[in-house]
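*Asks:* What follows is target00.cif, mmCIF, C-alpha atoms and all ligand atoms.
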```
data_target
#
loop_
_atom_site.label_atom_id
_atom_site.label_comp_id
_atom_site.auth_asym_id
_atom_site.auth_seq_id
_atom_site.Cartn_x
_atom_site.Cartn_y
_atom_site.Cartn_z
CA MET A 752 -64.74 -10.87 -3.61
CA ARG A 753 -60.96 -10.83 -3.81
CA ILE A 754 -59.71 -9.07 -6.94
CA ALA A 755 -56.14 -9.74 -8.04
CA ALA A 756 -55.27 -6.53 -9.88
CA THR A 757 -52.30 -5.70 -12.04
CA GLY A 758 -51.53 -3.66 -15.12
CA ASP A 759 -48.96 -2.76 -17.73
CA LEU A 760 -47.71 -6.27 -18.34
CA HIS A 761 -46.26 -5.12 -21.70
CA PHE A 762 -45.86 -8.62 -23.13
CA TYR A 763 -43.33 -8.75 -25.98
CA SER A 764 -41.86 -11.53 -28.08
CA GLY A 765 -38.95 -13.09 -26.21
CA ALA A 766 -40.02 -11.74 -22.79
CA PRO A 767 -38.99 -13.97 -19.88
CA GLU A 768 -41.79 -16.30 -18.80
CA VAL A 769 -42.45 -14.87 -15.38
CA TRP A 770 -46.24 -14.74 -15.37
CA LYS A 771 -47.25 -18.42 -15.37
CA PRO A 772 -46.16 -19.01 -11.74
CA ILE A 773 -47.68 -15.65 -10.74
CA PHE A 774 -51.01 -16.62 -12.32
CA ARG A 775 -50.86 -19.98 -10.45
CA LYS A 776 -50.45 -18.09 -7.15
CA ILE A 777 -53.29 -15.73 -8.00
CA GLU A 778 -55.62 -18.71 -8.56
CA HIS A 779 -55.23 -19.58 -4.86
CA GLN A 780 -55.52 -16.02 -3.53
CA ALA A 781 -58.28 -14.38 -5.55
CA ASP A 782 -61.68 -14.82 -7.20
CA VAL A 783 -61.03 -12.75 -10.32
CA LEU A 784 -58.04 -11.31 -12.19
CA VAL A 785 -58.18 -7.70 -13.45
CA VAL A 786 -55.55 -6.31 -15.83
CA ALA A 787 -55.64 -2.53 -16.28
CA GLY A 788 -54.29 -2.23 -19.83
CA ASP A 789 -50.99 -2.18 -21.70
CA LEU A 790 -51.20 -5.94 -22.11
CA THR A 791 -48.75 -5.71 -25.02
CA ASN A 792 -45.66 -3.63 -25.64
CA VAL A 793 -46.35 -2.32 -29.14
CA GLY A 794 -49.86 -3.64 -29.81
CA LEU A 795 -48.93 -6.69 -31.90
CA PRO A 796 -51.29 -9.69 -32.02
CA GLU A 797 -48.29 -11.99 -31.46
CA GLU A 798 -47.65 -10.16 -28.17
CA ALA A 799 -51.29 -10.62 -27.14
CA SER A 800 -51.03 -14.31 -28.00
CA ILE A 801 -48.32 -14.69 -25.32
CA LEU A 802 -50.82 -13.49 -22.70
CA VAL A 803 -53.52 -15.75 -24.16
CA ASP A 804 -51.12 -18.73 -23.96
CA GLU A 805 -50.13 -17.92 -20.37
CA LEU A 806 -53.81 -17.75 -19.39
CA ALA A 807 -54.68 -20.97 -21.26
CA ASP A 808 -55.49 -23.06 -18.17
CA PHE A 809 -56.13 -20.16 -15.77
CA LYS A 810 -59.15 -21.01 -13.65
CA LEU A 811 -60.48 -17.56 -12.63
CA PRO A 812 -62.53 -15.07 -14.64
CA VAL A 813 -60.29 -12.43 -16.27
CA ILE A 814 -61.34 -8.82 -16.87
CA VAL A 815 -59.15 -6.44 -18.89
CA VAL A 816 -59.17 -3.05 -20.54
CA LEU A 817 -56.72 -2.12 -23.27
CA GLY A 818 -54.02 0.51 -22.85
CA ASN A 819 -52.39 3.01 -25.20
CA HIS A 820 -49.62 0.52 -26.03
CA ASP A 821 -52.25 -1.96 -27.22
CA HIS A 822 -53.27 0.61 -29.86
CA GLU A 823 -49.77 1.22 -31.24
CA ALA A 824 -49.94 -1.21 -34.20
CA ASP A 825 -53.59 -0.44 -35.06
CA GLU A 826 -54.55 -4.07 -34.43
CA VAL A 827 -57.01 -3.44 -31.63
CA ASP A 828 -59.88 -5.40 -33.18
CA VAL A 829 -57.64 -8.44 -33.70
CA ILE A 830 -56.34 -8.27 -30.12
CA ILE A 831 -59.84 -7.88 -28.66
CA GLY A 832 -61.03 -10.85 -30.76
CA MET A 833 -58.18 -13.05 -29.56
CA LEU A 834 -58.85 -12.17 -25.93
CA ARG A 835 -62.61 -12.68 -26.22
CA ASP A 836 -62.09 -16.04 -27.98
CA ALA A 837 -59.99 -17.02 -24.96
CA GLY A 838 -62.89 -16.17 -22.62
CA VAL A 839 -61.43 -12.88 -21.35
CA HIS A 840 -63.90 -10.07 -20.56
CA VAL A 841 -62.56 -7.07 -22.51
CA LEU A 842 -64.32 -3.93 -21.25
CA ASP A 843 -64.66 -1.05 -23.71
CA CYS A 844 -67.20 1.28 -22.09
CA THR A 845 -69.02 -1.96 -21.28
CA SER A 846 -69.69 -3.88 -18.07
CA VAL A 847 -69.79 -7.38 -16.68
CA GLN A 848 -71.33 -8.65 -13.47
CA LEU A 849 -69.71 -11.41 -11.42
CA GLY A 850 -71.84 -12.38 -8.43
CA ASP A 851 -72.64 -9.23 -6.44
CA VAL A 852 -69.89 -7.20 -8.07
CA SER A 853 -70.42 -5.29 -11.29
CA PHE A 854 -67.41 -4.11 -13.26
CA VAL A 855 -67.41 -1.23 -15.72
CA GLY A 856 -64.31 -0.43 -17.71
CA THR A 857 -62.62 1.35 -20.54
CA LYS A 858 -59.18 2.56 -21.55
CA GLY A 859 -59.85 6.23 -20.91
CA PHE A 860 -57.66 8.96 -22.38
CA CYS A 861 -55.67 12.10 -21.68
CA GLY A 862 -56.81 15.59 -20.72
CA GLY A 863 -55.50 16.67 -17.35
CA PHE A 864 -57.16 17.43 -14.09
CA ASP A 865 -59.64 19.81 -12.56
CA ARG A 866 -59.13 23.48 -13.46
CA HIS A 867 -55.98 22.58 -15.40
CA GLY A 868 -57.90 20.19 -17.65
CA VAL A 869 -57.64 20.76 -21.41
CA GLN A 870 -60.74 22.53 -22.74
CA PRO A 871 -62.33 22.20 -26.21
CA PHE A 872 -61.30 25.66 -27.37
CA GLY A 873 -59.26 27.07 -30.24
CA GLU A 874 -57.70 24.92 -32.94
CA HIS A 875 -59.84 22.08 -34.29
CA MET A 876 -56.95 19.62 -33.63
CA LEU A 877 -57.12 20.46 -29.94
CA LYS A 878 -60.91 20.26 -29.94
CA ASP A 879 -60.76 16.83 -31.65
CA PHE A 880 -58.19 15.63 -29.11
CA ILE A 881 -60.18 16.57 -26.04
CA GLN A 882 -63.50 15.56 -27.64
CA THR A 883 -62.12 12.00 -27.75
CA THR A 884 -61.79 12.18 -23.97
CA ILE A 885 -65.21 13.74 -23.49
CA ASP A 886 -66.93 11.17 -25.72
CA GLU A 887 -65.30 8.22 -23.95
CA ALA A 888 -66.09 9.64 -20.50
CA ASP A 889 -69.71 10.16 -21.56
CA MET A 890 -69.97 6.56 -22.75
CA LEU A 891 -68.34 5.33 -19.54
CA GLU A 892 -70.82 7.35 -17.50
CA ARG A 893 -73.80 5.95 -19.43
CA THR A 894 -72.64 2.40 -18.71
CA ALA A 895 -71.84 3.22 -15.07
CA SER A 896 -75.33 4.67 -14.61
CA ARG A 897 -76.86 1.31 -15.58
CA LEU A 898 -74.73 -0.85 -13.25
CA LYS A 899 -76.68 -3.06 -10.89
CA GLY A 900 -75.79 -4.73 -7.61
CA PRO A 901 -74.41 -3.61 -4.28
CA CYS A 902 -70.77 -3.31 -5.33
CA LYS A 903 -69.48 -1.36 -8.34
CA VAL A 904 -65.89 -1.45 -9.55
CA ALA A 905 -64.34 0.47 -12.45
CA VAL A 906 -61.30 -0.60 -14.47
CA LEU A 907 -59.38 2.02 -16.47
CA HIS A 908 -55.99 2.39 -18.05
CA TYR A 909 -55.64 6.17 -17.66
CA ALA A 910 -55.84 7.72 -14.19
CA PRO A 911 -59.03 9.42 -12.94
CA ILE A 912 -57.26 11.50 -10.23
CA ARG A 913 -53.90 13.21 -9.69
CA THR A 914 -53.03 11.52 -6.40
CA THR A 915 -52.05 8.19 -7.93
CA LEU A 916 -49.73 10.00 -10.37
CA LYS A 917 -47.51 11.39 -7.60
CA GLY A 918 -43.97 10.38 -8.51
CA GLU A 919 -44.44 11.10 -12.20
CA SER A 920 -43.23 14.36 -13.73
CA GLU A 921 -46.04 16.93 -13.34
CA GLU A 922 -45.52 18.01 -16.97
CA LEU A 923 -46.81 14.55 -17.96
CA TYR A 924 -50.00 14.60 -15.87
CA PRO A 925 -52.30 15.73 -18.73
CA PHE A 926 -51.12 12.69 -20.72
CA LEU A 927 -51.59 10.24 -17.86
CA GLY A 928 -55.27 10.76 -17.19
CA THR A 929 -58.16 13.10 -16.69
CA SER A 930 -60.63 14.02 -13.97
CA ARG A 931 -63.39 13.63 -16.60
CA LEU A 932 -63.15 9.90 -15.72
CA GLU A 933 -63.66 10.68 -12.02
CA GLU A 934 -66.66 12.85 -12.92
CA ALA A 935 -68.11 9.98 -14.98
CA LEU A 936 -67.89 7.46 -12.13
CA ASP A 937 -68.45 9.36 -8.87
CA PRO A 938 -72.19 10.05 -9.36
CA HIS A 939 -72.99 6.36 -9.90
CA GLY A 940 -71.82 4.72 -6.69
CA VAL A 941 -68.56 3.26 -7.99
CA LYS A 942 -66.55 2.61 -4.86
CA VAL A 943 -63.34 1.11 -6.27
CA ILE A 944 -61.41 2.30 -9.33
CA ILE A 945 -58.44 0.34 -10.65
CA HIS A 946 -56.10 1.92 -13.20
CA GLY A 947 -52.66 1.52 -14.78
CA HIS A 948 -50.50 3.59 -17.17
CA ALA A 949 -48.56 5.66 -14.60
CA HIS A 950 -45.52 3.43 -14.13
CA TYR A 951 -43.88 5.83 -11.66
CA GLY A 952 -47.00 6.95 -9.81
CA SER A 953 -48.36 6.12 -6.36
CA PRO A 954 -50.43 3.13 -5.34
CA GLU A 955 -53.56 4.65 -3.81
CA GLY A 956 -55.81 7.69 -3.63
CA ARG A 957 -59.45 8.73 -3.43
CA THR A 958 -61.87 10.54 -5.72
CA ARG A 959 -63.76 13.55 -4.45
CA GLY A 960 -66.78 11.26 -4.11
CA GLY A 961 -64.81 8.89 -1.86
CA ALA A 962 -64.06 6.00 -4.25
CA VAL A 963 -60.75 4.30 -3.50
CA VAL A 964 -58.41 4.51 -6.50
CA TYR A 965 -55.67 1.93 -6.99
CA ASN A 966 -52.79 2.41 -9.43
CA VAL A 967 -51.93 -1.23 -10.14
CA THR A 968 -49.23 -0.64 -12.73
CA ARG A 969 -46.88 -3.56 -12.26
CA ASN A 970 -43.91 -1.26 -11.75
CA VAL A 971 -45.69 0.65 -8.96
CA LEU A 972 -46.73 -2.56 -7.20
CA GLU A 973 -43.21 -3.96 -7.40
CA THR A 974 -41.76 -0.68 -6.13
CA TYR A 975 -44.15 -0.32 -3.18
CA PHE A 976 -45.09 -3.93 -2.33
CA ASN A 977 -42.44 -6.06 -4.04
CA GLN A 978 -45.21 -7.95 -5.80
CA ALA A 979 -46.53 -7.92 -9.38
CA TYR A 980 -50.21 -7.82 -8.38
CA ARG A 981 -52.37 -6.54 -5.56
CA ILE A 982 -55.29 -8.23 -3.84
CA ILE A 983 -58.20 -5.82 -3.43
CA GLU A 984 -61.15 -7.01 -1.35
CA VAL A 985 -64.57 -5.61 -2.20
FE FE B 1 -47.69 0.98 -19.51
FE FE B 2 -50.04 3.10 -20.84
#
```
Can the structure from this file be put into structure tokens for me?
*Replies:*
Amino acid sequence: MRIAATGDLHFYSGAPEVWKPIFRKIEHQADVLVVAGDLTNVGLPEEASILVDELADFKLPVIVVLGNHDHEADEVDVIIGMLRDAGVHVLDCTSVQLGDVSFVGTKGFCGGFDRHGVQPFGEHMLKDFIQTTIDEADMLERTASRLKGPCKVAVLHYAPIRTTLKGESEELYPFLGTSRLEEALDPHGVKVIIHGHAHYGSPEGRTRGGAVVYNVTRNVLETYFNQAYRIIEV
């Protein structure tokens, strides 16, 4: 299966219409389109409707997760409804199987990496913050553990490893992802992980379990490959 992967489209009212021709090209080069969150700029339904319009006659299955920007206006349920009405698979600790490939996905959250990860200790605000990460990672792991088929792919917004953040300021790393996502996916045979969010990160890395991790933030892909999407064969 050829996955056309991109992320961080950040659609906003009045944005130049650059995606229609890109989606046309993708139809000829891939079997599925994956968008790794930040579909909108400030989480407005009218921004999501631009994406829905641009995908109106798109012929491939589309799988997305939401990003932090899609939460900004507190209209997540409306945005998810619009996307699902348009036939888009919105993954929220859920999965979808297309042929031999099963996809699990969720937004993910902050928390940092490895021994520098934020721990649930001290003030209740800090405990609540990191518990959000722990709860989402636990749900992701439960779904990942039930995936079937020979090929398992995960779609996230936040990064599961540090390597694909290289290029970002290290002070920001705890807000760009968490290794709790890596720990949720590695034990369950997920071999490809696609994420966004880190606009100035690096395109590729590996988890400790050997899964290939792709940062498909549009800005990263344009910087490294001069293209707004990346074809990943699985
Ligand atoms: Fe973004
Ligand atoms: Fe983001």
*Asks:* Choose the residue, out of A:Gln848, A:Thr894, A:Asn970, A:Ser853, that has the smallest atom-to-atom separation from ligand FE 2 (chain B); count only C-alpha atoms and all ligand atoms.
*Replies:* A:Asn970
*Asks:* I want to know what sits within 7 Å of Asp937 in chain A, based on only C-alpha atoms, with residues of the same chain fewer than 4 positions away left out; could you give that as a list in words?
*Replies:*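 Once the adjacent positions are removed, what remains is Glu933, Val941 and Gly960 of chain A.
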*Asks:* Using Å and a single decimal, report how far CA of Val971 in chain A sits from CA of Ile773 in chain A.
*Replies:* 16.5 Å
*Asks:* Would you mind reading off the distance between CA of His820 in chain A and CA of Gly859 in chain A, one decimal, in Å?
*Replies:*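 Taking CA of His820 in chain A and CA of Gly859 in chain A, their separation equals 12.8 Å.
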*Asks:* Identify, counting only C-alpha atoms and all ligand atoms, the protein, DNA and RNA residues located within 10 Å of ligand FE 2 (chain B), and give them as an NGL selection string.
*Replies:* :A and (758-761 or 787-792 or 817-822 or 858 or 860 or 908-910 or 926-928 or 946-950 or 968)
*Asks:* As AutoDock Vina command-line options, what would the box around range 793-799 of chain A look like: edges along x, y and z, 5 Å added on every side, centre and edge lengths in Å to one decimal?
*Replies:*
```
--center_x -48.8 --center_y -7.2 --center_z -29.6 --size_x 14.9 --size_y 19.7 --size_z 14.9
```
*Asks:* Mind pulling up the distance from CA of Met752 in chain A to CA of Ile983 in chain A?
*Replies:*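 Between CA of Ile983 in chain A and CA of Met752 in chain A the gap works out to 8.3 Å.
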*Asks:* Starting from the sparse input, extend range 915-936 of chain A to N, CA and C atoms and give the output as a PDB file, in the coordinates of the input.
*Replies:*
```
ATOM      1  N   THR A 915     -52.755   9.426  -7.593  1.00  0.00           N
ATOM      2  CA  THR A 915     -52.050   8.190  -7.930  1.00  0.00           C
ATOM      3  C   THR A 915     -50.985   8.408  -9.015  1.00  0.00           C
ATOM      4  N   LEU A 916     -50.796   9.673  -9.421  1.00  0.00           N
ATOM      5  CA  LEU A 916     -49.730  10.000 -10.370  1.00  0.00           C
ATOM      6  C   LEU A 916     -48.486  10.519  -9.645  1.00  0.00           C
ATOM      7  N   LYS A 917     -48.628  10.797  -8.352  1.00  0.00           N
ATOM      8  CA  LYS A 917     -47.510  11.390  -7.600  1.00  0.00           C
ATOM      9  C   LYS A 917     -46.264  10.514  -7.757  1.00  0.00           C
ATOM     10  N   GLY A 918     -45.184  11.123  -8.180  1.00  0.00           N
ATOM     11  CA  GLY A 918     -43.970  10.380  -8.510  1.00  0.00           C
ATOM     12  C   GLY A 918     -43.609  10.544  -9.985  1.00  0.00           C
ATOM     13  N   GLU A 919     -44.654  10.794 -10.790  1.00  0.00           N
ATOM     14  CA  GLU A 919     -44.440  11.100 -12.200  1.00  0.00           C
ATOM     15  C   GLU A 919     -44.090  12.590 -12.333  1.00  0.00           C
ATOM     16  N   SER A 920     -43.482  12.960 -13.447  1.00  0.00           N
ATOM     17  CA  SER A 920     -43.230  14.360 -13.730  1.00  0.00           C
ATOM     18  C   SER A 920     -44.576  15.086 -13.918  1.00  0.00           C
ATOM     19  N   GLU A 921     -44.759  16.219 -13.239  1.00  0.00           N
ATOM     20  CA  GLU A 921     -46.040  16.930 -13.340  1.00  0.00           C
ATOM     21  C   GLU A 921     -46.355  17.369 -14.768  1.00  0.00           C
ATOM     22  N   GLU A 922     -45.301  17.608 -15.573  1.00  0.00           N
ATOM     23  CA  GLU A 922     -45.520  18.010 -16.970  1.00  0.00           C
ATOM     24  C   GLU A 922     -46.273  16.913 -17.737  1.00  0.00           C
ATOM     25  N   LEU A 923     -46.175  15.669 -17.260  1.00  0.00           N
ATOM     26  CA  LEU A 923     -46.810  14.550 -17.960  1.00  0.00           C
ATOM     27  C   LEU A 923     -48.258  14.313 -17.525  1.00  0.00           C
ATOM     28  N   TYR A 924     -48.674  14.916 -16.426  1.00  0.00           N
ATOM     29  CA  TYR A 924     -50.000  14.600 -15.870  1.00  0.00           C
ATOM     30  C   TYR A 924     -51.128  14.648 -16.903  1.00  0.00           C
ATOM     31  N   PRO A 925     -51.168  15.695 -17.768  1.00  0.00           N
ATOM     32  CA  PRO A 925     -52.300  15.730 -18.730  1.00  0.00           C
ATOM     33  C   PRO A 925     -52.328  14.537 -19.677  1.00  0.00           C
ATOM     34  N   PHE A 926     -51.184  13.849 -19.818  1.00  0.00           N
ATOM     35  CA  PHE A 926     -51.120  12.690 -20.720  1.00  0.00           C
ATOM     36  C   PHE A 926     -51.293  11.365 -19.967  1.00  0.00           C
ATOM     37  N   LEU A 927     -51.465  11.454 -18.673  1.00  0.00           N
ATOM     38  CA  LEU A 927     -51.590  10.240 -17.860  1.00  0.00           C
ATOM     39  C   LEU A 927     -53.022   9.996 -17.392  1.00  0.00           C
ATOM     40  N   GLY A 928     -53.892  10.973 -17.604  1.00  0.00           N
ATOM     41  CA  GLY A 928     -55.270  10.760 -17.190  1.00  0.00           C
ATOM     42  C   GLY A 928     -56.069  12.034 -17.224  1.00  0.00           C
ATOM     43  N   THR A 929     -57.268  11.941 -16.686  1.00  0.00           N
ATOM     44  CA  THR A 929     -58.160  13.100 -16.690  1.00  0.00           C
ATOM     45  C   THR A 929     -59.233  12.955 -15.618  1.00  0.00           C
ATOM     46  N   SER A 930     -59.562  14.066 -14.976  1.00  0.00           N
ATOM     47  CA  SER A 930     -60.630  14.020 -13.970  1.00  0.00           C
ATOM     48  C   SER A 930     -62.008  13.856 -14.599  1.00  0.00           C
ATOM     49  N   ARG A 931     -62.094  13.928 -15.953  1.00  0.00           N
ATOM     50  CA  ARG A 931     -63.390  13.630 -16.600  1.00  0.00           C
ATOM     51  C   ARG A 931     -63.803  12.178 -16.306  1.00  0.00           C
ATOM     52  N   LEU A 932     -62.827  11.292 -16.069  1.00  0.00           N
ATOM     53  CA  LEU A 932     -63.150   9.900 -15.720  1.00  0.00           C
ATOM     54  C   LEU A 932     -63.719   9.827 -14.303  1.00  0.00           C
ATOM     55  N   GLU A 933     -63.124  10.590 -13.385  1.00  0.00           N
ATOM     56  CA  GLU A 933     -63.660  10.680 -12.020  1.00  0.00           C
ATOM     57  C   GLU A 933     -65.096  11.198 -12.053  1.00  0.00           C
ATOM     58  N   GLU A 934     -65.317  12.249 -12.843  1.00  0.00           N
ATOM     59  CA  GLU A 934     -66.660  12.850 -12.920  1.00  0.00           C
ATOM     60  C   GLU A 934     -67.674  11.883 -13.526  1.00  0.00           C
ATOM     61  N   ALA A 935     -67.199  10.958 -14.365  1.00  0.00           N
ATOM     62  CA  ALA A 935     -68.110   9.980 -14.980  1.00  0.00           C
ATOM     63  C   ALA A 935     -68.518   8.896 -13.976  1.00  0.00           C
ATOM     64  N   LEU A 936     -67.668   8.614 -13.010  1.00  0.00           N
ATOM     65  CA  LEU A 936     -67.890   7.460 -12.130  1.00  0.00           C
ATOM     66  C   LEU A 936     -68.469   7.845 -10.768  1.00  0.00           C
TER      67      LEU A 936
END
```
